[in-house]
file data39.tsv (TSV, C-alpha atoms)
chain	number	residue	atom	x	y	z
A	279	MET	CA	-10.65	-27.51	4.04
A	280	ASP	CA	-12.85	-25.17	6.08
A	281	ASN	CA	-13.18	-21.59	4.94
A	282	ILE	CA	-12.67	-18.54	7.10
A	283	LYS	CA	-14.81	-15.46	7.10
A	284	GLN	CA	-13.44	-12.81	4.75
A	285	GLN	CA	-12.16	-10.85	7.75
A	286	PRO	CA	-11.91	-11.61	11.49
A	287	LYS	CA	-14.73	-10.40	13.73
A	288	SER	CA	-14.35	-7.21	15.74
A	289	LYS	CA	-16.19	-5.54	18.59
A	290	VAL	CA	-15.17	-2.11	17.28
A	291	VAL	CA	-18.16	0.06	16.40
A	292	ILE	CA	-17.92	1.92	13.10
A	293	THR	CA	-18.11	5.68	13.55
A	294	LYS	CA	-20.24	7.93	11.37
A	295	LYS	CA	-17.12	9.33	9.66
A	296	GLU	CA	-15.93	5.80	8.89
A	297	PHE	CA	-19.36	4.78	7.62
A	298	ASP	CA	-19.48	7.85	5.35
A	299	ARG	CA	-16.06	6.92	3.91
A	300	ILE	CA	-17.27	3.37	3.25
A	301	LYS	CA	-20.38	4.66	1.47
A	302	GLN	CA	-18.27	6.99	-0.64
A	303	THR	CA	-15.86	4.18	-1.53
A	304	VAL	CA	-18.71	1.91	-2.66
A	305	SER	CA	-20.27	4.72	-4.70
A	306	ASN	CA	-16.96	5.52	-6.36
A	307	MET	CA	-16.26	1.87	-7.18
A	308	VAL	CA	-19.67	1.58	-8.88
A	309	GLU	CA	-18.90	4.69	-10.89
A	310	GLY	CA	-15.41	3.42	-11.69
A	311	LYS	CA	-16.84	0.14	-12.94
A	312	LYS	CA	-19.09	2.05	-15.32
A	313	VAL	CA	-16.15	4.12	-16.59
A	314	GLN	CA	-14.17	0.95	-17.30
A	315	ALA	CA	-17.09	-0.98	-18.78
A	316	ASP	CA	-18.16	1.83	-21.11
A	317	GLN	CA	-14.56	2.90	-21.84
A	318	LEU	CA	-15.53	6.46	-21.06
A	319	ASN	CA	-13.06	9.30	-20.76
A	320	ASN	CA	-11.98	9.33	-17.11
A	321	SER	CA	-12.55	13.02	-16.48
A	322	ARG	CA	-13.68	12.35	-12.90
A	323	LEU	CA	-11.23	13.01	-10.08
A	324	PRO	CA	-9.46	10.06	-8.43
A	325	ILE	CA	-10.66	8.64	-5.12
A	326	ASP	CA	-7.11	7.95	-3.96
A	327	LEU	CA	-3.84	9.79	-4.47
A	328	GLY	CA	-0.60	7.96	-3.70
A	329	ILE	CA	2.59	10.02	-3.44
A	330	PHE	CA	6.02	8.41	-3.21
A	331	LEU	CA	7.73	11.17	-1.22
A	332	THR	CA	11.32	9.95	-1.23
A	333	GLY	CA	13.46	6.94	-2.00
A	334	LYS	CA	15.50	7.55	1.15
A	335	CYS	CA	15.15	4.92	3.85
A	336	ASN	CA	16.87	4.34	7.18
A	337	LEU	CA	16.40	0.55	6.99
A	338	ARG	CA	17.24	-2.23	4.54
A	339	CYS	CA	14.46	-4.75	5.10
A	340	LYS	CA	14.83	-8.22	3.66
A	341	HIS	CA	11.32	-8.29	2.20
A	342	CYS	CA	11.48	-4.82	0.62
A	343	PHE	CA	11.09	-4.76	-3.16
A	344	GLU	CA	12.82	-1.36	-3.20
A	345	TRP	CA	15.92	-1.67	-1.02
A	346	ASN	CA	16.67	-5.37	-0.49
A	347	GLU	CA	19.48	-6.93	-2.53
A	348	ASP	CA	17.11	-7.51	-5.46
A	349	GLY	CA	15.22	-4.22	-5.11
A	350	PHE	CA	14.97	-1.70	-7.93
A	351	LEU	CA	16.28	1.21	-5.82
A	352	SER	CA	19.33	-0.74	-4.65
A	353	ALA	CA	20.26	-1.19	-8.33
A	354	MET	CA	20.32	2.59	-8.92
A	355	ASP	CA	23.05	5.06	-8.09
A	356	LEU	CA	22.34	6.73	-4.75
A	357	VAL	CA	21.54	10.13	-6.23
A	358	CYS	CA	18.67	8.69	-8.27
A	359	ALA	CA	17.57	6.23	-5.60
A	360	ASN	CA	17.36	8.93	-2.91
A	361	ARG	CA	15.49	11.40	-5.11
A	362	GLU	CA	12.63	13.36	-3.54
A	363	ILE	CA	9.47	14.69	-5.12
A	364	PRO	CA	9.43	18.50	-5.39
A	365	LEU	CA	6.94	20.10	-3.01
A	366	GLU	CA	5.42	22.07	-5.89
A	367	TYR	CA	4.37	18.81	-7.58
A	368	ILE	CA	2.57	17.72	-4.42
A	369	LYS	CA	0.77	21.05	-4.27
A	370	GLN	CA	-0.36	20.65	-7.88
A	371	CYS	CA	-1.80	17.22	-7.07
A	372	LEU	CA	-3.52	18.51	-3.94
A	373	ASP	CA	-5.00	21.48	-5.78
A	374	TYR	CA	-6.30	19.27	-8.60
A	375	THR	CA	-7.94	16.76	-6.23
A	376	LYS	CA	-9.17	19.29	-3.63
A	377	PRO	CA	-12.80	19.38	-4.89
A	378	LYS	CA	-13.04	15.61	-4.28
A	379	LYS	CA	-11.09	15.65	-1.01
A	380	THR	CA	-9.23	12.70	-2.51
A	381	ARG	CA	-7.71	10.39	0.10
A	382	LEU	CA	-3.93	10.69	0.38
A	383	TYR	CA	-1.41	7.88	0.81
A	384	LEU	CA	2.16	8.95	1.67
A	385	TRP	CA	4.89	6.37	1.27
A	386	GLY	CA	8.52	5.84	0.31
A	387	GLY	CA	11.27	4.88	1.21
A	388	GLU	CA	10.62	6.25	4.65
A	389	PRO	CA	8.29	9.23	4.16
A	390	LEU	CA	9.38	10.87	7.42
A	391	LEU	CA	12.83	11.35	5.85
A	392	TYR	CA	11.33	13.69	3.26
A	393	SER	CA	13.32	16.91	3.66
A	394	LYS	CA	10.27	19.11	3.06
A	395	PHE	CA	8.07	17.26	5.55
A	396	PRO	CA	7.33	20.34	7.71
A	397	GLN	CA	6.25	22.30	4.61
A	398	LEU	CA	4.16	19.35	3.41
A	399	CYS	CA	2.30	19.27	6.74
A	400	GLU	CA	1.58	22.99	6.36
A	401	LEU	CA	-0.01	22.26	2.96
A	402	LEU	CA	-2.11	19.51	4.54
A	403	LYS	CA	-3.26	21.80	7.35
A	404	GLU	CA	-4.63	24.13	4.67
A	405	ASP	CA	-6.21	21.28	2.70
A	406	PRO	CA	-7.50	18.72	5.25
A	407	ARG	CA	-8.32	15.28	3.87
A	408	TRP	CA	-8.00	11.66	5.00
A	409	ILE	CA	-4.29	10.71	5.07
A	410	THR	CA	-2.52	7.40	5.55
A	411	LEU	CA	1.21	7.65	6.24
A	412	CYS	CA	3.19	4.42	5.94
A	413	THR	CA	6.22	4.43	8.26
A	414	ASN	CA	8.68	2.17	10.05
A	415	GLY	CA	8.02	4.28	13.15
A	416	LEU	CA	11.62	5.16	13.95
A	417	LEU	CA	11.21	8.90	13.38
A	418	VAL	CA	7.65	9.43	14.61
A	419	GLU	CA	8.61	11.02	17.94
A	420	LYS	CA	11.07	13.34	16.23
A	421	LYS	CA	8.44	14.47	13.70
A	422	MET	CA	5.50	14.60	16.10
A	423	GLU	CA	5.35	18.41	16.21
A	424	TYR	CA	4.46	18.35	12.50
A	425	LEU	CA	2.13	15.36	12.73
A	426	LYS	CA	-0.08	16.59	15.56
A	427	PRO	CA	-1.64	19.54	13.67
A	428	ILE	CA	-2.83	17.23	10.86
A	429	SER	CA	-3.63	14.25	13.08
A	430	GLU	CA	-7.42	14.61	13.07
A	431	ASN	CA	-7.47	13.08	9.58
A	432	LEU	CA	-4.33	10.94	9.88
A	433	VAL	CA	-3.65	7.22	10.17
A	434	LEU	CA	-0.09	6.28	11.08
A	435	LEU	CA	0.40	2.86	9.52
A	436	THR	CA	3.47	1.50	11.28
A	437	SER	CA	5.36	-1.56	10.07
A	438	LEU	CA	5.96	-4.15	12.79
A	439	ASP	CA	6.70	-7.61	11.46
A	440	GLY	CA	5.96	-9.66	14.56
A	441	PHE	CA	7.77	-10.13	17.85
A	442	GLN	CA	11.36	-8.98	18.39
A	443	GLU	CA	13.25	-11.92	16.88
A	444	SER	CA	11.10	-12.05	13.74
A	445	HIS	CA	10.96	-8.28	13.29
A	446	GLU	CA	14.70	-7.83	13.64
A	447	LEU	CA	15.54	-10.74	11.35
A	448	ILE	CA	13.86	-8.67	8.65
A	449	ARG	CA	14.49	-5.07	9.70
A	450	GLY	CA	17.74	-5.22	11.66
A	451	ALA	CA	18.97	-5.33	15.26
A	452	GLY	CA	17.67	-2.69	17.64
A	453	THR	CA	14.61	-1.72	15.57
A	454	TYR	CA	11.91	-3.62	17.45
A	455	GLN	CA	11.86	-1.71	20.73
A	456	LYS	CA	12.11	1.64	18.96
A	457	THR	CA	9.05	0.75	16.89
A	458	ILE	CA	7.13	-0.50	19.92
A	459	ASP	CA	8.00	2.71	21.78
A	460	SER	CA	6.69	4.73	18.83
A	461	ILE	CA	3.39	2.81	18.79
A	462	LYS	CA	2.99	3.23	22.55
A	463	LEU	CA	3.76	6.95	22.30
A	464	VAL	CA	1.06	7.51	19.69
A	465	THR	CA	-1.58	5.45	21.49
A	466	SER	CA	-0.87	7.32	24.74
A	467	MET	CA	-1.20	10.64	22.90
A	468	ILE	CA	-4.51	9.48	21.42
A	469	LYS	CA	-5.80	8.77	24.92
A	470	SER	CA	-4.72	12.22	26.11
A	471	ASP	CA	-6.27	13.78	22.99
A	472	GLU	CA	-2.92	15.24	21.91
A	473	PHE	CA	-3.01	13.10	18.76
A	474	LYS	CA	-6.47	12.98	17.21
A	475	GLY	CA	-5.90	10.37	14.53
A	476	LYS	CA	-5.39	6.60	14.50
A	477	GLN	CA	-2.47	4.22	15.06
A	478	SER	CA	-2.53	1.06	12.95
A	479	VAL	CA	0.08	-1.65	12.38
A	480	ASN	CA	1.09	-3.57	9.28
A	481	CYS	CA	2.69	-7.01	9.79
A	482	VAL	CA	4.14	-8.90	6.82
A	483	ILE	CA	4.11	-12.60	7.65
A	484	SER	CA	7.49	-14.30	7.88
A	485	GLU	CA	8.26	-17.97	8.46
A	486	SER	CA	9.48	-17.29	12.00
A	487	MET	CA	6.08	-15.78	12.91
A	488	VAL	CA	4.03	-18.74	11.72
A	489	GLY	CA	2.57	-20.34	14.83
A	490	LYS	CA	2.77	-17.05	16.74
A	491	LEU	CA	0.33	-14.83	14.84
A	492	TYR	CA	-2.59	-15.30	17.25
A	493	GLU	CA	-0.41	-14.27	20.19
A	494	PHE	CA	0.81	-11.29	18.18
A	495	CYS	CA	-2.79	-10.20	17.60
A	496	GLU	CA	-3.35	-10.45	21.36
A	497	TYR	CA	-0.31	-8.24	21.98
A	498	MET	CA	-1.47	-5.63	19.46
A	499	GLU	CA	-4.89	-5.70	21.10
A	500	SER	CA	-3.24	-5.00	24.46
A	501	LEU	CA	-1.55	-1.93	22.92
A	502	GLU	CA	-5.00	-0.67	21.87
A	503	ILE	CA	-4.11	0.13	18.28
A	504	ASP	CA	-6.92	0.75	15.80
A	505	THR	CA	-6.24	-1.89	13.12
A	506	LEU	CA	-3.75	-4.70	12.64
A	507	TYR	CA	-3.14	-5.68	9.02
A	508	ILE	CA	-1.73	-9.20	8.63
A	509	CYS	CA	-0.20	-9.34	5.17
A	510	LEU	CA	0.80	-12.32	3.09
A	511	PRO	CA	4.04	-11.54	1.22
A	512	TRP	CA	3.42	-10.13	-2.27
A	513	TYR	CA	5.51	-12.82	-3.97
A	514	ILE	CA	5.81	-12.95	-7.76
A	515	SER	CA	7.45	-16.17	-8.92
A	516	GLU	CA	9.96	-16.16	-11.77
A	517	GLU	CA	7.42	-18.01	-13.91
A	518	THR	CA	4.80	-15.32	-13.31
A	519	ALA	CA	7.35	-12.52	-13.85
A	520	ASN	CA	8.35	-14.04	-17.19
A	521	LYS	CA	4.69	-14.27	-18.22
A	522	MET	CA	4.37	-10.60	-17.32
A	523	ASP	CA	7.33	-9.76	-19.57
A	524	GLN	CA	5.52	-11.36	-22.49
A	525	PHE	CA	2.16	-9.79	-21.59
A	526	PHE	CA	3.69	-6.32	-21.37
A	527	ASP	CA	5.57	-6.63	-24.66
A	528	ILE	CA	2.46	-7.78	-26.51
A	529	LYS	CA	-0.40	-5.85	-24.91
A	530	PHE	CA	1.36	-2.54	-24.37
A	531	ALA	CA	3.70	-2.60	-27.38
A	532	SER	CA	2.21	0.54	-28.94
A	533	ILE	CA	1.65	2.35	-25.62
A	534	LEU	CA	4.60	1.82	-23.30
A	535	GLU	CA	8.30	1.08	-23.60
A	536	ARG	CA	10.72	-0.82	-21.41
A	537	ASP	CA	14.43	-1.57	-21.62
A	538	LYS	CA	14.55	-5.29	-22.39
A	539	ASN	CA	18.24	-5.37	-21.45
A	540	LYS	CA	17.24	-4.70	-17.85
A	541	LYS	CA	14.97	-6.81	-15.68
A	542	ALA	CA	11.52	-5.33	-15.16
A	543	SER	CA	10.46	-4.24	-11.67
A	544	TRP	CA	8.06	-7.16	-11.23
A	545	HIS	CA	11.09	-9.44	-11.02
A	546	ASP	CA	11.97	-7.80	-7.67
A	547	PHE	CA	9.13	-9.33	-5.62
A	548	LYS	CA	11.05	-12.41	-4.50
A	549	TYR	CA	10.40	-12.55	-0.77
A	550	HIS	CA	8.20	-15.55	0.00
A	551	LEU	CA	7.24	-18.20	2.53
A	552	ASP	CA	8.46	-21.79	2.43
A	553	GLU	CA	5.58	-23.99	1.29
A	554	LYS	CA	6.30	-26.28	4.28
A	555	CYS	CA	4.89	-23.69	6.68
A	556	VAL	CA	1.62	-23.06	4.81
A	557	ASN	CA	-0.46	-25.61	6.74
A	558	ASP	CA	0.58	-24.09	10.06
A	559	LEU	CA	-0.12	-20.62	8.68
A	560	VAL	CA	-3.64	-21.71	7.73
A	561	GLU	CA	-4.21	-22.86	11.31
A	562	ASP	CA	-3.03	-19.46	12.57
A	563	LEU	CA	-5.41	-17.59	10.28
A	564	LYS	CA	-8.30	-19.88	11.18
A	565	LYS	CA	-7.75	-19.34	14.91
A	566	ILE	CA	-7.53	-15.55	14.43
A	567	SER	CA	-10.66	-15.52	12.29
A	568	ASN	CA	-12.70	-17.45	14.85
A	569	HIS	CA	-12.00	-14.96	17.64
A	570	GLN	CA	-13.82	-11.65	18.19
A	571	TRP	CA	-11.25	-8.89	18.74
A	572	ASN	CA	-11.36	-5.57	20.57
A	573	ILE	CA	-9.41	-4.07	17.68
A	574	ARG	CA	-9.83	-4.47	13.94
A	575	VAL	CA	-7.78	-7.36	12.54
A	576	ARG	CA	-7.61	-7.53	8.75
A	577	PHE	CA	-5.99	-10.06	6.43
A	578	GLN	CA	-4.43	-8.65	3.27
A	579	PRO	CA	-5.64	-9.99	0.99
A	580	ALA	CA	-8.80	-11.40	2.58
A	581	VAL	CA	-8.01	-14.97	1.58
A	582	GLN	CA	-10.04	-18.08	2.19
A	583	LEU	CA	-8.17	-20.97	3.79
A	584	ASN	CA	-8.17	-22.93	0.55
A	585	GLU	CA	-6.55	-19.97	-1.24
A	586	VAL	CA	-3.53	-19.46	1.05
A	587	SER	CA	-1.27	-22.04	-0.61
A	588	GLU	CA	-2.11	-20.76	-4.08
A	589	PHE	CA	-1.47	-17.13	-3.15
A	590	THR	CA	1.83	-17.72	-1.36
A	591	SER	CA	3.16	-19.84	-4.25
A	592	GLY	CA	3.47	-16.75	-6.45
A	593	ILE	CA	1.48	-18.11	-9.40
A	594	CYS	CA	-0.65	-15.73	-11.47
A	595	SER	CA	-4.03	-16.72	-10.08
A	596	CYS	CA	-6.28	-14.29	-8.20
A	597	VAL	CA	-7.95	-15.00	-4.88
A	598	GLN	CA	-11.36	-13.56	-3.95
A	599	ASN	CA	-12.42	-14.31	-7.56
A	600	LYS	CA	-11.22	-10.86	-8.67
A	601	LYS	CA	-11.64	-10.21	-12.40
A	602	GLN	CA	-10.96	-6.51	-12.86
A	603	CYS	CA	-8.89	-3.79	-11.16
A	604	LEU	CA	-10.45	-0.34	-10.84
A	605	ALA	CA	-7.30	1.32	-9.48
A	606	VAL	CA	-6.54	2.60	-12.99
A	607	VAL	CA	-9.67	4.75	-12.88
A	608	ASN	CA	-9.88	5.40	-9.13
A	609	ARG	CA	-6.27	6.01	-8.08
A	610	MET	CA	-3.54	8.44	-9.12
A	611	ASP	CA	0.07	7.59	-8.27
A	612	ILE	CA	2.97	10.04	-8.38
A	613	LEU	CA	6.52	8.75	-7.95
A	614	GLN	CA	9.42	10.59	-6.36
A	615	ASP	CA	10.76	11.94	-9.66
A	616	GLY	CA	7.41	13.53	-10.55
A	617	THR	CA	6.30	10.69	-12.81
A	618	MET	CA	2.64	9.73	-12.88
A	619	SER	CA	2.33	5.96	-13.03
A	620	ALA	CA	-0.69	3.90	-14.02
A	621	CYS	CA	0.37	1.28	-11.46
A	622	LYS	CA	1.83	2.10	-8.07
A	623	LEU	CA	4.20	-0.86	-7.87
A	624	PHE	CA	5.65	-1.00	-11.37
A	625	LYS	CA	7.64	1.93	-12.76
A	626	GLU	CA	7.26	0.66	-16.32
A	627	PHE	CA	3.73	2.11	-16.42
A	628	THR	CA	4.92	5.68	-16.84
A	629	ILE	CA	2.32	8.12	-18.13
A	630	GLY	CA	4.49	11.24	-18.11
A	631	ASN	CA	6.17	13.72	-15.80
A	632	LEU	CA	4.82	16.76	-13.99
A	633	LYS	CA	7.78	18.81	-15.14
A	634	ASP	CA	6.35	18.59	-18.67
A	635	HIS	CA	2.58	18.31	-18.13
A	636	THR	CA	-0.17	19.34	-15.75
A	637	VAL	CA	-1.78	16.81	-13.43
A	638	GLU	CA	-5.00	16.98	-15.43
A	639	GLU	CA	-3.22	16.44	-18.74
A	640	LEU	CA	-1.59	13.25	-17.49
A	641	TRP	CA	-4.66	11.88	-15.68
A	642	ASN	CA	-6.83	12.33	-18.78
A	643	SER	CA	-4.12	11.56	-21.35
A	644	MET	CA	-4.58	9.25	-24.32
A	645	LYS	CA	-1.79	7.00	-22.99
A	646	PHE	CA	-3.60	6.49	-19.68
A	647	GLN	CA	-6.87	5.85	-21.52
A	648	GLN	CA	-5.19	3.20	-23.69
A	649	ILE	CA	-3.83	1.44	-20.59
A	650	ARG	CA	-7.27	1.55	-18.98
A	651	LYS	CA	-8.75	0.04	-22.12
A	652	VAL	CA	-6.34	-2.91	-22.04
A	653	LEU	CA	-6.99	-3.53	-18.33
A	654	SER	CA	-10.76	-3.27	-18.73
A	655	LYS	CA	-10.60	-6.54	-20.68
A	656	GLU	CA	-8.23	-8.65	-18.60
A	657	LEU	CA	-5.88	-8.66	-15.64
A	658	MET	CA	-2.12	-8.84	-16.03
A	659	PRO	CA	-0.20	-11.88	-14.68
A	660	VAL	CA	1.21	-9.78	-11.81
A	661	CYS	CA	-2.15	-8.28	-10.78
A	662	SER	CA	-2.87	-11.29	-8.60
A	663	LYS	CA	-0.06	-10.21	-6.25
A	664	CYS	CA	-0.96	-6.52	-5.96
A	665	VAL	CA	-2.73	-5.05	-2.93
A	666	LEU	CA	-4.51	-2.53	-5.16
A	667	LEU	CA	-6.45	-5.29	-6.93
A	668	TYR	CA	-7.85	-6.51	-3.63
A	669	LEU	CA	-8.64	-3.00	-2.42
A	670	ASN	CA	-9.99	-1.70	-5.75
A	671	GLY	CA	-11.00	-4.80	-7.68
A	672	ILE	CA	-14.26	-6.48	-8.59
call {"tool": "encode", "arguments": {"input": "data39.tsv", "output": "structure tokens"}}
result
Amino acid sequence: MDNIKQQPKSKVVITKKEFDRIKQTVSNMVEGKKVQADQLNNSRLPIDLGIFLTGKCNLRCKHCFEWNEDGFLSAMDLVCANREIPLEYIKQCLDYTKPKKTRLYLWGGEPLLYSKFPQLCELLKEDPRWITLCTNGLLVEKKMEYLKPISENLVLLTSLDGFQESHELIRGAGTYQKTIDSIKLVTSMIKSDEFKGKQSVNCVISESMVGKLYEFCEYMESLEIDTLYICLPWYISEETANKMDQFFDIKFASILERDKNKKASWHDFKYHLDEKCVNDLVEDLKKISNHQWNIRVRFQPAVQLNEVSEFTSGICSCVQNKKQCLAVVNRMDILQDGTMSACKLFKEFTIGNLKDHTVEELWNSMKFQQIRKVLSKELMPVCSKCVLLYLNGI
């Protein structure tokens, strides 16, 4: 089977600011590799800061590992599930990472439902840094007065899972046009210089979009967005999830605890593609890869054609020949209850809570160092299905 280039070709010229960010990322990954290899104390500041603003969401998407019928938030009582991170915790994280101008990733839930969003934007005006805000787009127009003042360093990453039928099968009736209108609003405001940031789109592949992905790329190109991310579902098979149970209980026995009477969060990643559509999907990706686009089109992860079937099957095998994840030394993640987690996607990797410790104490804690030590030697079974491995791995 022919291979594809790691990413589709683009006519977009990289700006100086973008090139500087790339250089900084490479430099930080080299430094992170040394920290992991030498098992040094990670006293350096993180490159990335992820903040889970709120569990609240105005949609119930079928592929969501939080709020679908198998999601970990849907299993909680609503008070806990809808919890929001206190603004003071965000300020502590911003203050700690200010010398590095650490990149900020805001997510949820739906982050635009965060009740302190206006106050958060005021903090970000005072402490400008590169920000990615992940949103379903439904509240962008309503919140635009707060977004515009921070837009110079802002990427709105809007979820649009294909054309109307496919998108609404996943996200619900009436959502498609509202999301399209939001994307068009932002791109028009970019042209008029009212919004100074970028509009990108994230599309999770569904079976109904297989055979239509090239045309979808053409449509996104016509809307003049900055980047289209085409994402393979992050599916963890039951076999892989069970292997992760065993790995966790053995490797982290003296470091972390989990309630074995409850299923672990990695059992929630069940959304997947039927294996019957994989060959057609490969043809889609090949066609997209062989075209030169006027926007950036990126596969997540950047699979080769001969890796697509393996990745979508949910088995614990890494594509791109990844051997080590540097997210544990390069990225700080704070969940909506104030917990610092060593892994964004899995709540079992709790380091501690900001109500009891400072940001610095948790980031440089013995518990975090012990987790880093384990992961410097080998990947976990679920790592192969985590976006952070492919963004931060070697």
call {"tool": "closest_residue", "arguments": {"input": "data39.tsv", "among": "A:Ile573, A:Cys509, A:Ile461, A:Met487", "to": "Glu446 in chain A", "atoms": "only C-alpha atoms"}}
result
A:Met487
call {"tool": "closest_residue", "arguments": {"input": "data39.tsv", "among": "A:Cys596, A:Val291, A:Leu327, A:Met658", "to": "Lys521 in chain A", "atoms": "all atoms listed in the file"}}
result
A:Met658
call {"tool": "atom_distance", "arguments": {"input": "data39.tsv", "atom1": "CA of Ser532 in chain A", "atom2": "CA of Ile649 in chain A"}}
result
10.3 Å
call {"tool": "residues_around", "arguments": {"input": "data39.tsv", "residues": "Asn431 in chain A", "least_positions_apart": "4", "cutoff": "7 Å", "atoms": "only C-alpha atoms", "output": "PyMOL selection string"}}
result
chain A and resi 407-409+475
call {"tool": "closest_residue", "arguments": {"input": "data39.tsv", "among": "A:Lys651, A:Lys625, A:Lys394, A:Arg576", "to": "Tyr507 in chain A", "atoms": "only C-alpha atoms"}}
result
A:Arg576
call {"tool": "residues_near_point", "arguments": {"input": "data39.tsv", "point": "(7.0, -17.9, 1.0)", "cutoff": "10 Å", "atoms": "all atoms listed in the file", "output": "count of residues only"}}
result
21
call {"tool": "residues_around", "arguments": {"input": "data39.tsv", "residues": "Val290 in chain A", "least_positions_apart": "2", "cutoff": "7 Å", "atoms": "only C-alpha atoms", "output": "NGL selection string"}}
result
:A and (288 or 292 or 572-574)
call {"tool": "atom_distance", "arguments": {"input": "data39.tsv", "atom1": "CA of Gln578 in chain A", "atom2": "CA of Ile508 in chain A"}}
result
6.0 Å
call {"tool": "closest_residue", "arguments": {"input": "data39.tsv", "among": "A:Ala519, A:Ala451, A:Leu501, A:Leu669", "to": "Phe577 in chain A", "atoms": "all atoms listed in the file"}}
result
A:Leu669
call {"tool": "residues_near_point", "arguments": {"input": "data39.tsv", "point": "(-0.5, 3.2, 10.7)", "cutoff": "7 Å", "atoms": "all atoms listed in the file", "output": "PyMOL selection string"}}
result
chain A and resi 410-412+433-436+477-479
call {"tool": "residues_around", "arguments": {"input": "data39.tsv", "residues": "Lys287 in chain A", "least_positions_apart": "5", "cutoff": "8 Å", "atoms": "all atoms listed in the file", "output": "PyMOL selection string"}}
result
chain A and resi 567-571+574-575
